[in-house]
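Shown next: run.pdb, containing PDB, C-alpha atoms and all ligand atoms.
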```pdb
ATOM      1  CA  MET A   1     -12.686  -9.165  22.571  1.00  0.00           C
ATOM      2  CA  THR A   2     -10.889  -7.611  19.586  1.00  0.00           C
ATOM      3  CA  VAL A   3      -7.156  -8.017  19.211  1.00  0.00           C
ATOM      4  CA  LEU A   4      -5.280  -5.385  17.221  1.00  0.00           C
ATOM      5  CA  GLU A   5      -1.644  -5.561  16.215  1.00  0.00           C
ATOM      6  CA  ILE A   6      -0.671  -1.938  15.637  1.00  0.00           C
ATOM      7  CA  GLN A   7       2.480  -0.769  13.906  1.00  0.00           C
ATOM      8  CA  ARG A   8       4.309   1.514  16.329  1.00  0.00           C
ATOM      9  CA  TYR A   9       7.104   3.948  15.588  1.00  0.00           C
ATOM     10  CA  LEU A  10       8.299   6.514  18.097  1.00  0.00           C
ATOM     11  CA  PRO A  11      11.072   8.484  16.363  1.00  0.00           C
ATOM     12  CA  GLU A  12      12.720   9.441  19.667  1.00  0.00           C
ATOM     13  CA  SER A  13      13.244   5.812  20.742  1.00  0.00           C
ATOM     14  CA  ASP A  14      12.596   3.345  17.874  1.00  0.00           C
ATOM     15  CA  GLN A  15      15.213   2.514  15.253  1.00  0.00           C
ATOM     16  CA  ALA A  16      12.527   0.930  13.059  1.00  0.00           C
ATOM     17  CA  PRO A  17       8.773   0.287  13.146  1.00  0.00           C
ATOM     18  CA  ARG A  18       7.600  -2.586  15.380  1.00  0.00           C
ATOM     19  CA  TRP A  19       4.293  -4.355  16.051  1.00  0.00           C
ATOM     20  CA  GLN A  20       2.483  -4.006  19.377  1.00  0.00           C
ATOM     21  CA  ARG A  21      -0.509  -6.093  20.410  1.00  0.00           C
ATOM     22  CA  TYR A  22      -3.556  -4.585  22.153  1.00  0.00           C
ATOM     23  CA  GLU A  23      -6.734  -6.213  23.466  1.00  0.00           C
ATOM     24  CA  VAL A  24      -9.899  -4.113  23.254  1.00  0.00           C
ATOM     25  CA  GLU A  25     -13.171  -4.920  25.057  1.00  0.00           C
ATOM     26  CA  GLY A  26     -15.277  -2.972  22.584  1.00  0.00           C
ATOM     27  CA  GLU A  27     -18.778  -3.136  21.175  1.00  0.00           C
ATOM     28  CA  PRO A  28     -19.243  -4.627  17.676  1.00  0.00           C
ATOM     29  CA  ALA A  29     -20.537  -1.228  16.521  1.00  0.00           C
ATOM     30  CA  TRP A  30     -17.356   0.548  17.567  1.00  0.00           C
ATOM     31  CA  SER A  31     -15.324   1.951  14.717  1.00  0.00           C
ATOM     32  CA  LEU A  32     -11.599   1.380  14.542  1.00  0.00           C
ATOM     33  CA  ILE A  33     -11.201   5.012  15.633  1.00  0.00           C
ATOM     34  CA  ASP A  34     -13.290   4.243  18.749  1.00  0.00           C
ATOM     35  CA  ALA A  35     -10.968   1.316  19.499  1.00  0.00           C
ATOM     36  CA  LEU A  36      -7.842   3.438  19.029  1.00  0.00           C
ATOM     37  CA  GLY A  37      -9.372   6.030  21.353  1.00  0.00           C
ATOM     38  CA  TYR A  38     -10.053   3.329  23.952  1.00  0.00           C
ATOM     39  CA  ILE A  39      -6.429   2.212  23.789  1.00  0.00           C
ATOM     40  CA  LYS A  40      -5.150   5.752  24.173  1.00  0.00           C
ATOM     41  CA  ASP A  41      -7.509   6.566  27.066  1.00  0.00           C
ATOM     42  CA  HIS A  42      -7.260   3.281  28.999  1.00  0.00           C
ATOM     43  CA  VAL A  43      -4.221   1.259  27.904  1.00  0.00           C
ATOM     44  CA  ASP A  44      -1.410   3.228  26.271  1.00  0.00           C
ATOM     45  CA  PRO A  45      -1.450   7.049  26.103  1.00  0.00           C
ATOM     46  CA  THR A  46       1.596   7.088  23.809  1.00  0.00           C
ATOM     47  CA  LEU A  47      -0.319   5.716  20.796  1.00  0.00           C
ATOM     48  CA  ALA A  48      -0.635   8.345  18.022  1.00  0.00           C
ATOM     49  CA  TRP A  49      -3.067   8.511  15.115  1.00  0.00           C
ATOM     50  CA  ARG A  50      -5.134  11.133  13.288  1.00  0.00           C
ATOM     51  CA  ALA A  51      -8.919  11.512  13.193  1.00  0.00           C
ATOM     52  CA  SER A  52     -11.316  14.404  13.134  1.00  0.00           C
ATOM     53  CA  CYS A  53     -14.899  14.212  11.845  1.00  0.00           C
ATOM     54  CA  ARG A  54     -15.422  10.447  12.406  1.00  0.00           C
ATOM     55  CA  MET A  55     -18.009  10.431   9.601  1.00  0.00           C
ATOM     56  CA  GLY A  56     -16.043   9.904   6.364  1.00  0.00           C
ATOM     57  CA  MET A  57     -15.810  13.581   5.524  1.00  0.00           C
ATOM     58  CA  CYS A  58     -12.450  14.941   6.671  1.00  0.00           C
ATOM     59  CA  GLY A  59     -10.134  12.300   5.189  1.00  0.00           C
ATOM     60  CA  SER A  60      -7.703  12.336   8.112  1.00  0.00           C
ATOM     61  CA  CYS A  61      -8.052   8.799   9.556  1.00  0.00           C
ATOM     62  CA  GLY A  62      -6.674   6.688   6.700  1.00  0.00           C
ATOM     63  CA  VAL A  63      -4.742   3.557   7.752  1.00  0.00           C
ATOM     64  CA  LEU A  64      -3.940   0.124   6.394  1.00  0.00           C
ATOM     65  CA  VAL A  65      -6.212  -2.589   7.809  1.00  0.00           C
ATOM     66  CA  ASP A  66      -4.578  -5.923   7.045  1.00  0.00           C
ATOM     67  CA  GLY A  67      -2.771  -4.187   4.197  1.00  0.00           C
ATOM     68  CA  VAL A  68      -5.874  -2.553   2.683  1.00  0.00           C
ATOM     69  CA  PRO A  69      -6.191   1.278   2.700  1.00  0.00           C
ATOM     70  CA  ARG A  70      -9.327   2.214   4.671  1.00  0.00           C
ATOM     71  CA  LEU A  71     -10.794   5.125   6.589  1.00  0.00           C
ATOM     72  CA  GLY A  72     -10.601   4.166  10.268  1.00  0.00           C
ATOM     73  CA  CYS A  73     -14.050   5.653  10.891  1.00  0.00           C
ATOM     74  CA  GLU A  74     -15.587   3.303   8.303  1.00  0.00           C
ATOM     75  CA  VAL A  75     -14.110   0.071   9.703  1.00  0.00           C
ATOM     76  CA  PHE A  76     -16.149  -1.493  12.505  1.00  0.00           C
ATOM     77  CA  LEU A  77     -15.043  -4.089  15.054  1.00  0.00           C
ATOM     78  CA  ARG A  78     -17.836  -6.415  13.894  1.00  0.00           C
ATOM     79  CA  ASP A  79     -16.184  -6.543  10.463  1.00  0.00           C
ATOM     80  CA  LEU A  80     -12.705  -7.464  11.683  1.00  0.00           C
ATOM     81  CA  PRO A  81     -11.553 -11.095  11.471  1.00  0.00           C
ATOM     82  CA  ASP A  82     -11.430 -13.415  14.515  1.00  0.00           C
ATOM     83  CA  ARG A  83      -7.643 -13.375  14.341  1.00  0.00           C
ATOM     84  CA  PRO A  84      -5.668 -10.234  15.282  1.00  0.00           C
ATOM     85  CA  ALA A  85      -6.102  -7.467  12.701  1.00  0.00           C
ATOM     86  CA  ARG A  86      -2.972  -5.608  11.638  1.00  0.00           C
ATOM     87  CA  ILE A  87      -3.267  -1.809  11.627  1.00  0.00           C
ATOM     88  CA  ALA A  88      -0.472   0.188   9.964  1.00  0.00           C
ATOM     89  CA  PRO A  89       0.082   3.691   8.613  1.00  0.00           C
ATOM     90  CA  LEU A  90      -0.743   4.400   4.962  1.00  0.00           C
ATOM     91  CA  ALA A  91       1.869   3.027   2.574  1.00  0.00           C
ATOM     92  CA  HIS A  92       4.128   5.097   0.281  1.00  0.00           C
ATOM     93  CA  LEU A  93       4.231   8.113   2.607  1.00  0.00           C
ATOM     94  CA  PRO A  94       6.864   8.807   5.304  1.00  0.00           C
ATOM     95  CA  VAL A  95       5.741   7.829   8.802  1.00  0.00           C
ATOM     96  CA  GLU A  96       5.891  10.634  11.360  1.00  0.00           C
ATOM     97  CA  ARG A  97       4.807   8.602  14.378  1.00  0.00           C
ATOM     98  CA  ASP A  98       2.816   5.382  14.825  1.00  0.00           C
ATOM     99  CA  LEU A  99      -0.183   5.643  12.445  1.00  0.00           C
ATOM    100  CA  MET A 100       0.497   9.241  11.402  1.00  0.00           C
ATOM    101  CA  VAL A 101       2.087   9.892   8.009  1.00  0.00           C
ATOM    102  CA  ASP A 102       3.750  13.049   6.730  1.00  0.00           C
ATOM    103  CA  THR A 103       1.223  14.663   4.366  1.00  0.00           C
ATOM    104  CA  GLU A 104       3.646  17.148   2.781  1.00  0.00           C
ATOM    105  CA  GLY A 105       4.485  14.904  -0.195  1.00  0.00           C
ATOM    106  CA  TYR A 106       0.791  14.665  -1.059  1.00  0.00           C
ATOM    107  CA  LEU A 107       0.182  18.394  -0.561  1.00  0.00           C
ATOM    108  CA  ARG A 108       3.210  19.257  -2.713  1.00  0.00           C
ATOM    109  CA  ARG A 109       1.799  17.146  -5.553  1.00  0.00           C
ATOM    110  CA  LEU A 110      -1.627  18.720  -5.107  1.00  0.00           C
ATOM    111  CA  ARG A 111      -0.221  22.257  -5.208  1.00  0.00           C
ATOM    112  CA  ALA A 112       1.591  21.408  -8.456  1.00  0.00           C
ATOM    113  CA  VAL A 113      -1.720  21.149 -10.339  1.00  0.00           C
ATOM    114  CA  GLU A 114      -3.108  24.408  -8.874  1.00  0.00           C
ATOM    115  CA  PRO A 115      -6.415  22.880  -7.709  1.00  0.00           C
ATOM    116  CA  TRP A 116      -8.473  26.003  -7.584  1.00  0.00           C
ATOM    117  CA  LEU A 117     -10.790  27.754 -10.059  1.00  0.00           C
ATOM    118  CA  GLN A 118      -8.950  30.149 -12.374  1.00  0.00           C
ATOM    119  CA  PRO A 119     -11.699  32.215 -14.014  1.00  0.00           C
ATOM    120  CA  SER A 120     -11.507  34.878 -16.711  1.00  0.00           C
ATOM    121  CA  ASP A 121     -12.902  38.388 -16.321  1.00  0.00           C
ATOM    122  CA  ALA A 122     -14.204  38.014 -19.878  1.00  0.00           C
ATOM    123  CA  ASP A 123     -16.674  35.303 -18.832  1.00  0.00           C
ATOM    124  CA  PRO A 124     -20.323  36.236 -18.228  1.00  0.00           C
ATOM    125  CA  VAL A 125     -21.362  36.572 -14.581  1.00  0.00           C
ATOM    126  CA  GLY A 126     -24.742  36.457 -12.869  1.00  0.00           C
ATOM    127  CA  PRO A 127     -26.574  39.251 -11.024  1.00  0.00           C
ATOM    128  CA  VAL A 128     -24.402  38.972  -7.891  1.00  0.00           C
ATOM    129  CA  GLY A 129     -21.164  38.193  -9.701  1.00  0.00           C
ATOM    130  CA  GLU A 130     -21.499  34.398  -9.700  1.00  0.00           C
ATOM    131  CA  ARG A 131     -19.836  32.382 -12.473  1.00  0.00           C
ATOM    132  CA  LEU A 132     -22.674  30.832 -14.461  1.00  0.00           C
ATOM    133  CA  GLN A 133     -22.775  27.140 -15.302  1.00  0.00           C
ATOM    134  CA  THR A 134     -25.408  24.686 -16.491  1.00  0.00           C
ATOM    135  CA  PRO A 135     -26.138  21.400 -14.651  1.00  0.00           C
ATOM    136  CA  ALA A 136     -24.685  19.535 -17.657  1.00  0.00           C
ATOM    137  CA  GLN A 137     -21.439  21.490 -17.374  1.00  0.00           C
ATOM    138  CA  GLN A 138     -21.310  20.810 -13.642  1.00  0.00           C
ATOM    139  CA  ALA A 139     -21.855  17.091 -14.215  1.00  0.00           C
ATOM    140  CA  LYS A 140     -18.528  16.901 -16.065  1.00  0.00           C
ATOM    141  CA  TYR A 141     -16.505  17.337 -12.876  1.00  0.00           C
ATOM    142  CA  LEU A 142     -18.910  16.586 -10.003  1.00  0.00           C
ATOM    143  CA  GLU A 143     -17.557  13.078  -9.326  1.00  0.00           C
ATOM    144  CA  THR A 144     -13.957  14.196  -8.941  1.00  0.00           C
ATOM    145  CA  ALA A 145     -15.086  17.100  -6.730  1.00  0.00           C
ATOM    146  CA  GLN A 146     -16.047  14.533  -4.054  1.00  0.00           C
ATOM    147  CA  CYS A 147     -12.388  13.939  -3.127  1.00  0.00           C
ATOM    148  CA  ILE A 148     -11.696  14.437   0.594  1.00  0.00           C
ATOM    149  CA  GLY A 149      -7.907  14.220   0.348  1.00  0.00           C
ATOM    150  CA  CYS A 150      -7.649  11.036   2.406  1.00  0.00           C
ATOM    151  CA  MET A 151      -4.628   9.722   0.443  1.00  0.00           C
ATOM    152  CA  LEU A 152      -5.955   6.129   0.385  1.00  0.00           C
ATOM    153  CA  CYS A 153      -5.371   6.156  -3.372  1.00  0.00           C
ATOM    154  CA  TYR A 154      -1.689   7.017  -2.824  1.00  0.00           C
ATOM    155  CA  ALA A 155      -1.317   4.061  -0.462  1.00  0.00           C
ATOM    156  CA  ALA A 156      -2.918   1.825  -3.112  1.00  0.00           C
ATOM    157  CA  CYS A 157      -0.954   3.081  -6.136  1.00  0.00           C
ATOM    158  CA  PRO A 158       2.082   1.014  -7.201  1.00  0.00           C
ATOM    159  CA  GLN A 159       3.443   3.898  -9.295  1.00  0.00           C
ATOM    160  CA  VAL A 160       3.546   6.218  -6.262  1.00  0.00           C
ATOM    161  CA  ALA A 161       5.681   3.527  -4.604  1.00  0.00           C
ATOM    162  CA  VAL A 162       8.363   3.479  -7.324  1.00  0.00           C
ATOM    163  CA  ASN A 163       8.116   6.866  -9.078  1.00  0.00           C
ATOM    164  CA  GLU A 164       8.523   9.632  -6.495  1.00  0.00           C
ATOM    165  CA  PRO A 165       7.925  12.579  -8.908  1.00  0.00           C
ATOM    166  CA  PHE A 166       4.636  11.026 -10.100  1.00  0.00           C
ATOM    167  CA  LEU A 167       1.839  13.427  -9.147  1.00  0.00           C
ATOM    168  CA  GLY A 168      -0.379  10.508  -8.189  1.00  0.00           C
ATOM    169  CA  PRO A 169      -4.096   9.714  -8.345  1.00  0.00           C
ATOM    170  CA  ALA A 170      -5.769  12.392  -6.207  1.00  0.00           C
ATOM    171  CA  ALA A 171      -3.697  15.301  -7.539  1.00  0.00           C
ATOM    172  CA  LEU A 172      -4.360  14.233 -11.128  1.00  0.00           C
ATOM    173  CA  ALA A 173      -8.052  13.710 -10.372  1.00  0.00           C
ATOM    174  CA  ALA A 174      -8.097  17.234  -8.919  1.00  0.00           C
ATOM    175  CA  ALA A 175      -6.448  18.531 -12.089  1.00  0.00           C
ATOM    176  CA  HIS A 176      -9.124  16.765 -14.138  1.00  0.00           C
ATOM    177  CA  ARG A 177     -11.805  18.328 -11.941  1.00  0.00           C
ATOM    178  CA  TYR A 178     -10.654  21.869 -12.817  1.00  0.00           C
ATOM    179  CA  LEU A 179      -9.633  21.142 -16.408  1.00  0.00           C
ATOM    180  CA  SER A 180     -13.208  19.874 -16.950  1.00  0.00           C
ATOM    181  CA  ASP A 181     -14.834  22.932 -15.383  1.00  0.00           C
ATOM    182  CA  SER A 182     -16.371  25.299 -17.956  1.00  0.00           C
ATOM    183  CA  ARG A 183     -15.494  28.278 -15.702  1.00  0.00           C
ATOM    184  CA  ASP A 184     -11.770  27.480 -15.545  1.00  0.00           C
ATOM    185  CA  HIS A 185      -9.032  28.955 -17.736  1.00  0.00           C
ATOM    186  CA  GLY A 186      -5.963  27.496 -16.009  1.00  0.00           C
ATOM    187  CA  HIS A 187      -5.026  24.919 -18.667  1.00  0.00           C
ATOM    188  CA  ALA A 188      -1.679  26.533 -19.517  1.00  0.00           C
ATOM    189  CA  ARG A 189      -0.677  26.665 -15.841  1.00  0.00           C
ATOM    190  CA  ARG A 190      -1.212  22.939 -15.350  1.00  0.00           C
ATOM    191  CA  GLY A 191       1.293  21.739 -17.933  1.00  0.00           C
ATOM    192  CA  SER A 192       2.830  19.188 -15.535  1.00  0.00           C
ATOM    193  CA  VAL A 193      -0.368  17.142 -15.863  1.00  0.00           C
ATOM    194  CA  GLN A 194       0.681  16.140 -19.415  1.00  0.00           C
ATOM    195  CA  GLY A 195       4.060  14.603 -18.569  1.00  0.00           C
ATOM    196  CA  LEU A 196       5.686  11.434 -17.291  1.00  0.00           C
ATOM    197  CA  GLN A 197       5.243  12.735 -13.763  1.00  0.00           C
ATOM    198  CA  GLY A 198       1.630  13.436 -14.708  1.00  0.00           C
ATOM    199  CA  VAL A 199      -0.984  11.305 -16.429  1.00  0.00           C
ATOM    200  CA  TRP A 200       1.551   9.502 -18.626  1.00  0.00           C
ATOM    201  CA  GLY A 201       3.208   8.073 -15.512  1.00  0.00           C
ATOM    202  CA  CYS A 202       0.020   6.103 -14.770  1.00  0.00           C
ATOM    203  CA  THR A 203       0.104   2.448 -15.836  1.00  0.00           C
ATOM    204  CA  LEU A 204      -3.643   1.980 -15.264  1.00  0.00           C
ATOM    205  CA  VAL A 205      -3.506  -0.627 -12.536  1.00  0.00           C
ATOM    206  CA  GLY A 206      -6.729   0.883 -11.155  1.00  0.00           C
ATOM    207  CA  THR A 207      -6.176   0.162  -7.452  1.00  0.00           C
ATOM    208  CA  CYS A 208      -6.588   3.890  -6.694  1.00  0.00           C
ATOM    209  CA  SER A 209     -10.218   3.758  -7.780  1.00  0.00           C
ATOM    210  CA  GLU A 210     -10.846   0.556  -5.821  1.00  0.00           C
ATOM    211  CA  ALA A 211      -9.481   2.186  -2.657  1.00  0.00           C
ATOM    212  CA  CYS A 212     -11.415   5.454  -2.884  1.00  0.00           C
ATOM    213  CA  PRO A 213     -14.081   5.717  -0.133  1.00  0.00           C
ATOM    214  CA  LYS A 214     -15.934   8.554  -1.886  1.00  0.00           C
ATOM    215  CA  GLY A 215     -16.621   6.977  -5.259  1.00  0.00           C
ATOM    216  CA  VAL A 216     -14.031   9.047  -7.091  1.00  0.00           C
ATOM    217  CA  ASP A 217     -12.490   7.197 -10.036  1.00  0.00           C
ATOM    218  CA  PRO A 218      -8.979   8.678 -10.337  1.00  0.00           C
ATOM    219  CA  ALA A 219      -7.939   6.019 -12.844  1.00  0.00           C
ATOM    220  CA  ALA A 220     -10.701   7.048 -15.259  1.00  0.00           C
ATOM    221  CA  ALA A 221      -9.983  10.753 -14.707  1.00  0.00           C
ATOM    222  CA  ILE A 222      -6.328  10.169 -15.608  1.00  0.00           C
ATOM    223  CA  GLN A 223      -7.238   8.293 -18.800  1.00  0.00           C
ATOM    224  CA  ARG A 224      -9.583  11.139 -19.809  1.00  0.00           C
ATOM    225  CA  GLU A 225      -6.733  13.598 -19.386  1.00  0.00           C
ATOM    226  CA  LYS A 226      -4.542  11.359 -21.560  1.00  0.00           C
ATOM    227  CA  VAL A 227      -7.199  11.585 -24.275  1.00  0.00           C
ATOM    228  CA  ARG A 228      -7.484  15.364 -23.834  1.00  0.00           C
ATOM    229  CA  GLY A 229      -3.690  15.695 -24.114  1.00  0.00           C
ATOM    230  CA  ALA A 230      -3.489  13.472 -27.188  1.00  0.00           C
ATOM    231  CA  LEU A 231      -6.299  15.344 -28.948  1.00  0.00           C
ATOM    232  CA  SER A 232      -4.680  18.716 -28.252  1.00  0.00           C
ATOM    233  CA  PHE A 233      -1.439  17.381 -29.769  1.00  0.00           C
ATOM    234  CA  VAL A 234      -3.025  16.258 -33.038  1.00  0.00           C
ATOM    235  CA  PRO A 235      -3.446  19.752 -34.617  1.00  0.00           C
ATOM    236  CA  SER A 236       0.285  20.404 -34.224  1.00  0.00           C
ATOM    237  CA  LEU A 237       0.949  17.494 -36.622  1.00  0.00           C
ATOM    238  CA  PHE A 238      -0.670  19.492 -39.413  1.00  0.00           C
ATOM    239  CA  VAL A 239       1.156  22.802 -38.921  1.00  0.00           C
ATOM    240  CA  ARG A 240       3.390  23.336 -41.958  1.00  0.00           C
ATOM    241  CA  GLY A 241       6.756  25.031 -41.771  1.00  0.00           C
ATOM    242  CA  GLU A 242       7.773  27.882 -44.143  1.00  0.00           C
ATOM    243  CA  ASP A 243       9.905  25.515 -46.266  1.00  0.00           C
ATOM    244  CA  ASP A 244       7.111  22.961 -46.816  1.00  0.00           C
TER     245      ASP A 244
HETATM  246  S1  LIG B 301      -9.405  10.343  -4.825  1.00  0.00           S
HETATM  247 FE1  LIG B 301     -10.532   9.155  -3.239  1.00  0.00          FE
HETATM  248  S2  LIG B 301      -8.922   7.916  -2.229  1.00  0.00           S
HETATM  249 FE2  LIG B 301      -7.858   9.559  -3.354  1.00  0.00          FE
HETATM  250  S3  LIG B 301      -7.593  11.226  -1.838  1.00  0.00           S
HETATM  251 FE3  LIG B 301      -9.531  11.638  -2.955  1.00  0.00          FE
HETATM  252  S4  LIG B 301     -11.130  10.684  -1.692  1.00  0.00           S
HETATM  253 FE4  LIG B 301      -9.176   9.811  -0.997  1.00  0.00          FE
END
```
Is it possible to express this structure as structure tokens?
Amino acid sequence: MTVLEIQRYLPESDQAPRWQRYEVEGEPAWSLIDALGYIKDHVDPTLAWRASCRMGMCGSCGVLVDGVPRLGCEVFLRDLPDRPARIAPLAHLPVERDLMVDTEGYLRRLRAVEPWLQPSDADPVGPVGERLQTPAQQAKYLETAQCIGCMLCYAACPQVAVNEPFLGPAALAAAHRYLSDSRDHGHARRGSVQGLQGVWGCTLVGTCSEACPKGVDPAAAIQREKVRGALSFVPSLFVRGEDD
């Protein structure tokens, strides 16, 4: 039997979050999402959480498992400790209900970096209008393009916890993805990336990259944008005024 202690918060009746204990007669191969589904179907229909694809693609089932940000579909009962495991909503984001967090803060940060391709009509196009790119050019951003928006990196980032305007790991990794794309011309529209709420707000703790379930390395992406910003600043040091 697996024992889960789940953080509950029902805004209509709870003044503050509380822990509730559940016993699950599940198979070792069950995922945490299977166990939460069992509880909802057979024990307590009021329990709320998010999940969709159940295969590590949609990014909707992020929770803290004993304080560690994980995708619920990638945690299996066989891997949980013999003692009760504590399941809580992702840290650093407002809790809507039980294990569900409000995603608006993350989406607002993501929108700020305009994470979509901004091409130029002057660029060459292929026979059916496609924007041409070599495999080497694609390789420059392919890693960061694997992001599924699960927000585990936000729950792991100590700067997100203390610096609310900070754009955070995934949004800055998304900015790096487009700023590194040979087909993109949106550099001037992503000025917030080079600020204290952008890459310069990162203190390089690196826990975002450790938490990422898709192999994205937001910490490295942020440092590369710091280098890009510093290099673009250098030429301005050599511009002479009229009186010089
Ligand atoms: S960078 Fe990784 S941890 Fe962060 S949102 Fe994207 S997939 Fe999730």
Find the distance between CA of Ala220 in chain A and CA of Leu204 in chain A and write it in Å to one decimal.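 Going from CA of Ala220 in chain A over to CA of Leu204 in chain A covers 8.7 Å.
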Show me which residues line ligand LIG 301 (chain B), defined as having an atom within 7 Å of a ligand atom where all atoms listed in the file count, and present them as an mmCIF file with C-alpha atoms, in the coordinates of the input.
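The resulting file, out_9.cif, is shown below:
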```cif
data_model
loop_
_atom_site.group_PDB
_atom_site.id
_atom_site.type_symbol
_atom_site.label_atom_id
_atom_site.label_comp_id
_atom_site.auth_asym_id
_atom_site.auth_seq_id
_atom_site.Cartn_x
_atom_site.Cartn_y
_atom_site.Cartn_z
ATOM 1 C CA GLY A 59 -10.134 12.300 5.189
ATOM 2 C CA GLN A 146 -16.047 14.533 -4.054
ATOM 3 C CA CYS A 147 -12.388 13.939 -3.127
ATOM 4 C CA ILE A 148 -11.696 14.437 0.594
ATOM 5 C CA GLY A 149 -7.907 14.220 0.348
ATOM 6 C CA CYS A 150 -7.649 11.036 2.406
ATOM 7 C CA MET A 151 -4.628 9.722 0.443
ATOM 8 C CA LEU A 152 -5.955 6.129 0.385
ATOM 9 C CA CYS A 153 -5.371 6.156 -3.372
ATOM 10 C CA TYR A 154 -1.689 7.017 -2.824
ATOM 11 C CA PRO A 169 -4.096 9.714 -8.345
ATOM 12 C CA ALA A 170 -5.769 12.392 -6.207
ATOM 13 C CA ALA A 173 -8.052 13.710 -10.372
ATOM 14 C CA CYS A 208 -6.588 3.890 -6.694
ATOM 15 C CA ALA A 211 -9.481 2.186 -2.657
ATOM 16 C CA CYS A 212 -11.415 5.454 -2.884
ATOM 17 C CA PRO A 213 -14.081 5.717 -0.133
ATOM 18 C CA LYS A 214 -15.934 8.554 -1.886
ATOM 19 C CA GLY A 215 -16.621 6.977 -5.259
ATOM 20 C CA VAL A 216 -14.031 9.047 -7.091
ATOM 21 C CA ASP A 217 -12.490 7.197 -10.036
ATOM 22 C CA PRO A 218 -8.979 8.678 -10.337
#
```
Could you list the residues chosen by the PyMOL selection byres (((chain A and resi 19-25) around 12) and not hetatm) in this structure as JSON, numbers by chain? {"A": [1, 2, 3, 4, 5, 6, 7, 8, 9, 10, 14, 16, 17, 18, 26, 27, 28, 29, 30, 31, 32, 33, 34, 35, 36, 37, 38, 39, 40, 41, 42, 43, 44, 46, 47, 77, 83, 84, 85, 86, 87, 88, 89, 98, 99]}
Box dimensions and centre (Å, one decimal) enclosing range 137-152 of chain A, axis-aligned, 4 Å extra per side, as JSON:
```
{"center_x": -13.2, "center_y": 13.8, "center_z": -7.5, "size_x": 25.2, "size_y": 23.4, "size_z": 27.8}
```
Can you list what the PyMOL selection byres (((chain A and resi 90-95) around 9) and not hetatm) grabs from this structure, as JSON, numbers by chain? {"A": [9, 62, 63, 64, 67, 68, 69, 70, 88, 89, 96, 97, 98, 99, 100, 101, 102, 103, 105, 106, 151, 152, 154, 155, 156, 157, 158, 160, 161, 162]}
When the PyMOL selection byres (((chain A and resi 226) around 10) and not hetatm) is applied to the file above, which residues end up in the set, as a VMD selection string? chain A and resid 193 to 195 198 to 200 202 220 to 225 227 to 232
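Note that CA of Ala171 in chain A and CA of Arg111 in chain A are 8.1 Å apart.
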Pairwise distance for CA of Leu142 in chain A and CA of Gln197 in chain A, rounded to one decimal in Å: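 One can read the CA of Leu142 in chain A to CA of Gln197 in chain A distance as 24.7 Å.
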Mind checking which residues fall within 8 Å of Asp181 in chain A, counting only C-alpha atoms, ignoring those fewer than 5 positions away in the same chain, and posting them as an NGL selection string? :A and (137-138 or 140-141)
From the list A:Met57, A:Ala139, A:Leu196, A:Val113, which residue is nearest Glu164 in chain A when using all atoms listed in the file?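 Smallest separation from Glu164 in chain A among the options: A:Leu196.
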Out of A:Leu179, A:Leu172, A:Ala51, A:Val234, which residue has the shortest atom-to-atom distance to Ala112 in chain A when counting all atoms listed in the file?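 Checking each of A:Leu179, A:Leu172, A:Ala51, A:Val234 against Ala112 in chain A, counting all atoms listed in the file, the winner is A:Leu172.
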